[in-house]
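Participant: So here's start-v9.txt, just compact mmCIF, C-alpha atoms:
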# COMPACT_ATOMS: atom_id res chain seq x y z
CA MET K 15 34.95 -12.16 2.16
CA ALA K 16 34.17 -10.37 5.43
CA THR K 17 33.83 -12.55 8.53
CA ILE K 18 33.71 -11.52 12.16
CA VAL K 19 36.07 -13.62 14.29
CA GLN K 20 33.93 -16.03 16.29
CA GLU K 21 36.04 -16.77 19.37
CA ASN K 22 32.91 -16.81 21.50
CA LEU K 23 29.45 -16.38 20.02
CA ARG K 24 27.82 -14.41 22.82
CA GLU K 25 30.92 -12.35 23.60
CA THR K 26 31.41 -11.42 19.96
CA PHE K 27 27.74 -10.66 19.41
CA ASN K 28 27.53 -8.48 22.51
CA ARG K 29 30.64 -6.60 21.35
CA ASP K 30 29.78 -6.14 17.68
CA GLY K 31 26.00 -6.62 17.37
CA VAL K 32 26.59 -8.77 14.27
CA ILE K 33 28.24 -12.14 13.67
CA GLY K 34 28.76 -14.58 10.83
CA PRO K 35 28.47 -15.81 8.22
CA PHE K 36 27.59 -19.40 9.08
CA LYS K 37 26.91 -22.14 6.58
CA LEU K 38 23.37 -23.53 6.62
CA TYR K 39 22.71 -25.00 3.16
CA GLU K 40 24.94 -26.09 0.33
CA PRO K 41 24.80 -23.47 -2.45
CA GLU K 42 22.87 -25.70 -4.83
CA GLU K 43 20.38 -26.64 -2.10
CA ALA K 44 19.90 -22.95 -1.31
CA LYS K 45 19.13 -22.22 -4.94
CA GLU K 46 16.60 -25.06 -5.08
CA ILE K 47 14.91 -23.75 -1.93
CA LEU K 48 14.78 -20.30 -3.48
CA LYS K 49 13.16 -21.72 -6.60
CA THR K 50 10.51 -23.40 -4.42
CA VAL K 51 9.91 -20.20 -2.45
CA ARG K 52 9.59 -18.04 -5.56
CA ILE K 53 7.00 -20.34 -7.10
CA ALA K 54 5.05 -20.74 -3.85
CA SER K 55 5.11 -17.02 -3.09
CA LEU K 56 3.15 -16.27 -6.25
CA ASP K 57 0.11 -17.92 -4.63
CA GLY K 58 -0.97 -15.83 -1.65
CA SER K 59 -4.32 -17.54 -1.17
CA ASN K 60 -3.10 -19.34 1.96
CA ALA K 61 -0.90 -16.54 3.29
CA ILE K 62 -2.01 -14.98 6.56
CA HIS K 63 -1.49 -11.39 5.37
CA LYS K 64 -3.49 -10.31 2.34
CA ASN K 65 -0.96 -7.88 0.92
CA ASP K 66 2.23 -7.88 -1.14
CA VAL K 67 4.68 -7.03 1.64
CA GLY K 68 6.06 -10.56 1.95
CA TRP K 69 5.94 -10.99 5.71
CA ASP K 70 5.34 -14.25 7.58
CA ARG K 71 5.27 -16.61 4.64
CA HIS K 72 6.56 -19.34 6.97
CA PHE K 73 2.88 -19.95 7.72
CA ASP K 74 2.00 -21.02 4.19
CA ILE K 75 5.28 -22.07 2.53
CA PRO K 76 6.39 -25.35 4.17
CA VAL K 77 10.06 -25.02 3.28
CA LEU K 78 10.09 -21.77 5.28
CA SER K 79 8.21 -23.44 8.14
CA ARG K 80 11.19 -25.79 8.34
CA HIS K 81 13.75 -23.03 7.79
CA ILE K 82 12.90 -21.03 10.91
CA VAL K 83 13.45 -24.06 13.17
CA GLN K 84 16.71 -25.25 11.62
CA PRO K 85 18.94 -26.43 14.51
CA ALA K 86 21.94 -24.56 13.06
CA ILE K 87 19.91 -21.37 13.53
CA VAL K 88 17.99 -22.10 16.73
CA ASP K 89 20.99 -23.42 18.67
CA ARG K 90 22.91 -20.21 18.03
CA VAL K 91 19.92 -17.99 18.80
CA ARG K 92 19.47 -19.82 22.11
CA GLU K 93 23.07 -19.09 22.98
CA LEU K 94 22.34 -15.39 22.54
CA LEU K 95 18.80 -15.05 23.90
CA GLY K 96 18.41 -17.99 26.29
CA ASP K 97 16.46 -21.22 26.03
CA ASP K 98 12.95 -19.78 25.59
CA VAL K 99 12.71 -18.23 22.14
CA LEU K 100 9.98 -17.06 19.74
CA CYS K 101 10.16 -16.44 16.01
CA TRP K 102 7.92 -13.43 15.51
CA ARG K 103 8.40 -12.50 11.86
CA THR K 104 9.91 -13.55 8.56
CA GLU K 105 10.51 -11.24 5.60
CA PHE K 106 11.69 -11.43 2.00
CA PHE K 107 14.61 -9.17 1.09
CA PRO K 108 15.26 -9.15 -2.65
CA LYS K 109 17.53 -6.61 -4.28
CA PHE K 110 17.08 -6.53 -8.03
CA PRO K 111 19.58 -5.31 -10.65
CA GLY K 112 19.77 -1.52 -10.57
CA ALA K 113 18.23 -1.20 -7.11
CA PRO K 114 19.68 1.64 -5.02
CA ALA K 115 21.46 1.25 -1.69
CA THR K 116 19.36 0.92 1.43
CA ASP K 117 20.08 3.81 3.77
CA TRP K 118 21.66 3.29 7.17
CA HIS K 119 19.08 2.58 9.85
CA GLN K 120 18.82 1.32 13.41
CA VAL K 121 15.81 -0.24 15.10
CA ALA K 122 15.03 -1.18 18.71
CA THR K 123 11.27 -1.59 19.13
CA PHE K 124 10.22 -1.26 15.46
CA GLN K 125 8.23 1.80 16.52
CA TYR K 126 9.14 3.48 13.25
CA VAL K 127 6.41 1.46 11.49
CA THR K 128 3.35 2.78 13.32
CA GLY K 129 4.59 5.19 15.97
CA VAL K 130 3.86 2.64 18.72
CA PRO K 131 6.40 -0.04 19.77
CA ILE K 132 5.94 -3.40 18.06
CA LEU K 133 8.33 -5.12 20.48
CA GLN K 134 8.04 -4.44 24.21
CA PRO K 135 10.44 -6.15 26.62
CA THR K 136 8.85 -6.85 30.00
CA ILE K 137 12.15 -7.47 31.76
CA GLU K 138 14.65 -4.65 31.37
CA LYS K 139 18.36 -5.33 31.85
CA GLU K 140 21.08 -2.84 31.00
CA ASN K 141 22.73 -3.47 27.66
CA GLU K 142 20.80 -6.71 27.13
CA ILE K 143 20.05 -7.61 23.52
CA VAL K 144 16.49 -8.90 23.15
CA ASP K 145 16.25 -9.33 19.39
CA VAL K 146 18.18 -11.40 16.87
CA THR K 147 17.64 -11.24 13.14
CA VAL K 148 18.89 -14.21 11.15
CA TRP K 149 19.47 -13.09 7.56
CA THR K 150 19.93 -16.01 5.19
CA THR K 151 20.94 -15.44 1.59
CA PHE K 152 19.80 -17.93 -1.03
CA THR K 153 22.01 -16.34 -3.70
CA GLU K 154 25.50 -14.98 -3.55
CA ALA K 155 25.61 -11.62 -1.80
CA ASN K 156 28.47 -9.33 -2.70
CA ILE K 157 29.18 -5.61 -2.91
CA GLU K 158 28.21 -5.53 -6.58
CA ASN K 159 24.72 -7.01 -6.11
CA GLY K 160 23.91 -5.28 -2.85
CA CYS K 161 25.15 -7.21 0.17
CA MET K 162 24.42 -5.93 3.66
CA LYS K 163 26.73 -3.57 5.50
CA PHE K 164 27.10 -2.87 9.22
CA ILE K 165 28.77 -0.61 11.75
CA PRO K 166 30.03 -3.13 14.35
CA GLY K 167 29.49 -1.96 17.91
CA SER K 168 26.90 0.65 16.94
CA HIS K 169 24.15 -1.22 18.84
CA LYS K 170 25.59 0.27 22.03
CA HIS K 171 24.70 3.81 20.97
CA LYS K 172 21.42 5.49 20.04
CA TYR K 173 21.98 7.06 16.64
CA TYR K 174 18.32 6.93 15.59
CA ASP K 175 15.24 7.68 17.71
CA GLU K 176 12.17 5.79 16.48
CA ALA K 177 9.86 7.84 18.69
CA ARG K 178 10.51 11.04 16.73
CA PRO K 179 7.57 12.43 14.75
CA VAL K 180 8.14 12.08 11.02
CA SER K 181 6.54 13.63 7.97
CA VAL K 182 5.69 10.44 6.05
CA GLY K 183 5.88 6.70 6.34
CA ARG K 184 3.57 5.73 9.18
CA GLY K 185 0.11 4.31 8.92
CA GLU K 186 -2.14 5.45 6.10
CA GLU K 187 0.25 8.26 5.16
CA TYR K 188 2.47 5.67 3.50
CA LYS K 189 2.13 6.01 -0.28
CA SER K 190 4.91 4.18 -2.10
CA ILE K 191 7.88 1.92 -1.63
CA ASP K 192 11.29 3.57 -1.95
CA GLN K 193 14.04 1.01 -1.44
CA GLN K 194 16.68 3.60 -0.62
CA ASN K 195 14.56 5.13 2.15
CA PHE K 196 13.87 1.70 3.61
CA TYR K 197 10.53 0.98 1.96
CA GLY K 198 9.18 4.49 2.38
CA TYR K 199 10.57 5.25 5.85
CA ASP K 200 13.16 8.01 5.78
CA PHE K 201 15.54 7.23 8.62
CA GLU K 202 17.27 10.56 8.15
CA GLU K 203 14.29 11.97 10.06
CA PHE K 204 15.00 9.65 12.98
CA LYS K 205 18.62 10.72 13.45
CA VAL K 206 19.46 11.95 16.94
CA ASP K 207 22.24 14.07 15.43
CA PRO K 208 21.28 15.11 11.88
CA SER K 209 24.95 15.65 10.98
CA TRP K 210 26.07 12.16 12.02
CA SER K 211 27.28 9.71 9.41
CA PRO K 212 29.27 6.50 9.89
CA ASP K 213 33.04 6.51 9.54
CA GLN K 214 33.59 4.56 6.34
CA GLU K 215 36.68 2.91 7.84
CA ASN K 216 34.38 1.13 10.28
CA VAL K 217 31.95 -0.21 7.67
CA LEU K 218 31.73 -4.01 7.44
CA SER K 219 30.48 -5.21 4.05
CA MET K 220 29.11 -8.71 4.61
CA GLU K 221 29.80 -10.71 1.46
CA MET K 222 28.29 -14.20 1.61
CA ASN K 223 27.85 -17.42 -0.32
CA ALA K 224 24.43 -18.82 -1.16
CA GLY K 225 23.16 -20.83 1.81
CA GLU K 226 24.93 -18.82 4.50
CA PHE K 227 23.37 -16.73 7.27
CA ILE K 228 24.41 -13.93 9.56
CA MET K 229 22.96 -12.88 12.90
CA PHE K 230 22.56 -9.30 14.05
CA SER K 231 20.67 -7.07 16.41
CA SER K 232 18.48 -4.52 14.69
CA LYS K 233 20.09 -2.00 17.04
CA CYS K 234 23.30 -2.45 15.07
CA VAL K 235 23.31 0.27 12.40
CA HIS K 236 22.93 -1.47 9.05
CA GLY K 237 22.01 -0.95 5.41
CA SER K 238 22.97 -2.41 2.04
CA HIS K 239 25.00 -1.55 -1.01
CA PRO K 240 23.26 -0.78 -4.32
CA ASN K 241 22.87 -3.56 -6.86
CA THR K 242 25.02 -2.26 -9.70
CA THR K 243 24.75 -5.42 -11.78
CA LYS K 244 22.55 -6.00 -14.80
CA ARG K 245 21.52 -9.59 -14.12
CA SER K 246 22.38 -10.60 -10.56
CA THR K 247 19.47 -10.52 -8.09
CA ARG K 248 20.38 -10.83 -4.42
CA PHE K 249 17.65 -12.65 -2.50
CA ALA K 250 17.60 -13.17 1.26
CA ILE K 251 15.03 -14.11 3.88
CA SER K 252 15.18 -12.81 7.43
CA SER K 253 13.72 -14.60 10.42
CA ARG K 254 13.42 -12.57 13.60
CA TYR K 255 13.66 -13.96 17.14
CA VAL K 256 12.99 -12.66 20.65
CA PRO K 257 12.90 -14.24 24.13
CA THR K 258 9.42 -15.16 25.38
CA GLN K 259 9.43 -12.28 27.89
CA VAL K 260 8.98 -9.80 25.00
CA LYS K 261 5.48 -8.70 24.02
CA VAL K 262 5.02 -8.74 20.24
CA TYR K 263 2.62 -6.23 18.66
CA PRO K 264 1.27 -4.94 21.99
CA GLU K 265 -1.63 -2.53 21.41
CA HIS K 266 -1.83 -3.69 17.79
CA SER K 267 -4.76 -5.65 16.44
CA GLN K 268 -4.30 -4.16 12.99
CA PHE K 269 -1.99 -1.62 11.39
CA PHE K 270 -0.60 -0.20 8.14
CA GLY K 271 3.09 -0.71 7.49
CA HIS K 272 5.55 -1.01 4.60
CA GLY K 273 2.74 -0.32 2.17
CA GLY K 274 0.39 -3.04 3.41
CA PHE K 275 -2.53 -3.48 5.78
CA PHE K 276 -2.13 -6.09 8.53
CA ASP K 277 -5.10 -7.47 10.47
CA LEU K 278 -3.50 -9.59 13.17
CA ASP K 279 -6.76 -10.95 14.53
CA ALA K 280 -8.38 -11.85 11.23
CA SER K 281 -5.16 -13.43 9.98
CA ASN K 282 -4.75 -15.57 13.10
CA PHE K 283 -1.22 -14.28 13.47
CA GLY K 284 0.90 -15.87 16.16
CA CYS K 285 4.50 -16.26 17.24
CA VAL K 286 6.23 -19.61 16.85
CA LEU K 287 7.90 -21.13 19.91
CA VAL K 288 11.12 -22.48 18.40
CA SER K 289 12.85 -23.39 21.67
CA GLY K 290 12.02 -23.99 25.32
CA GLU K 291 8.81 -22.94 27.05
CA ASP K 292 6.59 -19.87 27.17
CA ARG K 293 6.35 -19.06 30.86
CA PHE K 294 4.90 -15.59 30.30
CA GLY K 295 1.89 -16.01 28.04
CA HIS K 296 2.23 -12.53 26.56
CA ASN K 297 1.67 -13.60 22.98
CA ARG K 298 -0.61 -15.78 20.90
CA LEU K 299 1.33 -18.84 19.73
CA ARG K 300 1.03 -20.92 16.57
CA ALA K 301 2.21 -24.53 16.80
CA GLN K 302 1.32 -25.39 13.19
CA ASN K 303 1.49 -23.71 9.81
CA ASN K 304 -1.56 -23.22 7.61
CA HIS K 305 -1.15 -26.76 6.24
CA GLY K 306 -1.48 -28.34 9.68
CA GLU K 307 2.23 -29.15 9.87
CA ASN K 308 4.06 -28.74 13.18
CA PHE K 309 6.81 -26.15 13.28
CA VAL K 310 8.77 -28.12 15.88
CA SER K 311 8.51 -31.91 15.82
Take the structure from the file and write it as structure tokens.

Facilitator:
Amino acid sequence: MATIVQENLRETFNRDGVIGPFKLYEPEEAKEILKTVRIASLDGSNAIHKNDVGWDRHFDIPVLSRHIVQPAIVDRVRELLGDDVLCWRTEFFPKFPGAPATDWHQVATFQYVTGVPILQPTIEKENEIVDVTVWTTFTEANIENGCMKFIPGSHKHKYYDEARPVSVGRGEEYKSIDQQNFYGYDFEEFKVDPSWSPDQENVLSMEMNAGEFIMFSSKCVHGSHPNTTKRSTRFAISSRYVPTQVKVYPEHSQFFGHGGFFDLDASNFGCVLVSGEDRFGHNRLRAQNNHGENFVS
């Protein structure tokens, strides 16, 4: 099972752009949480986004409201990003039997979605990482059922340019979901050097037990293996964090992305302050989920 040596969390993360896995739940507890999430996700009546994309269900599924503020997660994120931290998105990442590999990709501002940056740092420091994705698997994740893979250290280089014009994938041009081309977005079109491909000797396949999580910067080139099994579904949930100095969805009140329409104003979207204070006031905040429950007690 692949594990990055964790001699120092921040030092290792800054070097590799990915770290883990860390244990969060016992395997049986993880599977019970997944069962709860699957049942609850079938009812989207209280979800803030009226589409099937599966974003931000921490607002209407209480077990996910509690998941994003788990101390085992937040304490480590604080060590990487500082004391003042927002959770700005959660996503479902299932990989069903027979699903193809997810192509290599690299993201900085998430501009690939709409053509306009979705994350905008307001304080620029050289080589500073301003995003952390916590990817928690609620099933076993192995090479056979499509675990994630990374190129450690690749966050220090720009292999993909999200600002490039592309033929399909943005806004209303999006037509269908293709798991291999990252839900309809062909990252081959974003390559700075079209001939570049990762050295396979440097690929880290992140095999994990149910209930474990990894942390990575979206700038670290990543993808996933195909699910070559007949019955094993890999199911993970990502929660994404930024320091409070980052503007989330600037210039976006609504947009199309990943096959769904998002109306941020009508949905009452907001970031969740999971640690510290918001001294900037760049973003709308949500202190409670849609059931009136506090995210942080």

Participant: May I have the protein, DNA and RNA residues with any atom at most 10 Å from the point (20.3, 2.1, -7.7), counting only C-alpha atoms, written as a PyMOL selection string?

Facilitator: chain K and resi 109-116+160+193-194+239-243

Participant: Find the distance between CA of Glu307 in chain K and CA of Ile75 in chain K and write it in Å to one decimal.

Facilitator: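 Atom-to-atom, CA of Glu307 in chain K to CA of Ile75 in chain K, that is 10.6 Å.
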
Participant: Which of these, K:Thr247, K:His119, K:Arg298, K:Leu218, has the shortest distance to Val206 in chain K once you count all atoms listed in the file?

Facilitator: K:His119

Participant: Expressed in Å to a single decimal, how great is the separation between CA of Val310 in chain K and CA of His81 in chain K?

Facilitator: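 Going from CA of Val310 in chain K over to CA of His81 in chain K covers 10.8 Å.
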
Participant: Record the distance separating CA of Ser79 in chain K and CA of Gly274 in chain K, expressed in Å with one decimal.

Facilitator: 22.4 Å

Participant: Using all atoms listed in the file, pick whichever of K:Phe201, K:Trp149, K:Trp210, K:Phe275 has the shortest atom-to-atom distance to Met162 in chain K.

Facilitator: K:Trp149

Participant: For Ser252 in chain K, list every protein, DNA or RNA residue within 6 Å, evaluated using all atoms listed in the file, and leave out those in the same chain fewer than 5 positions away; present the list as a PyMOL selection string.

Facilitator: chain K and resi 104-105+148-149

Participant: Using all atoms listed in the file, which protein or nucleic acid residues come within 6 Å of range 43-59 of chain K? Drop anything in the same chain fewer than 4 positions from it, and give the result as a VMD selection string.

Facilitator: chain K and resid 39 152 225

Participant: So that I can check the surroundings of Thr123 in chain K, please list as a CSV table (one decimal) with C-alpha atoms, in the coordinates of the input every protein, DNA and RNA residue that reaches within 6 Å of it, counting all atoms listed in the file and ignoring chain neighbours fewer than 3 positions away.

Facilitator:
chain,number,residue,atom,x,y,z
K,131,PRO,CA,6.4,0.0,19.8
K,132,ILE,CA,5.9,-3.4,18.1
K,133,LEU,CA,8.3,-5.1,20.5

Participant: For a cutoff of 9 Å around the file-coordinate point (36.1, 1.7, 13.6), which residues qualify once you count only C-alpha atoms? I'd like the result as a PyMOL selection string.

Facilitator: chain K and resi 165-167+213-217

Participant: Pick out the closest residue to Ala301 in chain K from this set: K:Phe164, K:Phe106, K:Phe283, K:Phe276. Count all atoms listed in the file.

Facilitator: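 Among K:Phe164, K:Phe106, K:Phe283, K:Phe276, it is K:Phe283 that comes nearest to Ala301 in chain K.
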
Participant: Choose the residue, out of K:Leu23, K:Ser238, K:Ser281, K:Pro208, that has the smallest atom-to-atom separation from Asp89 in chain K; count all atoms listed in the file.

Facilitator: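 Among the listed residues, K:Leu23 lies closest to Asp89 in chain K.
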
Participant: Leaving out Ser253 in chain K and any residue of its chain fewer than 3 positions from it, which residues lie within 10 Å of it when counting only C-alpha atoms, given as a count of residues only?

Facilitator: 20

Participant: Ranking K:Leu299, K:Ile62, K:Val235, K:Ala177 by minimum distance to Gly129 in chain K and counting all atoms listed in the file, which one comes first?

Facilitator: K:Ala177

Participant: Please provide the set of residues having any atom within 9 Å of Ile143 in chain K, restricted to only C-alpha atoms, with same-chain residues fewer than 6 positions apart removed, written as a VMD selection string.

Facilitator: chain K and resid 28 31 94 to 95 169 231 233

Participant: Would you please work out which residue, of K:Ala250, K:Ile228, K:Val99, K:Cys285, is nearest to Val262 in chain K when using only C-alpha atoms?

Facilitator: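 Nearest to Val262 in chain K: K:Cys285.
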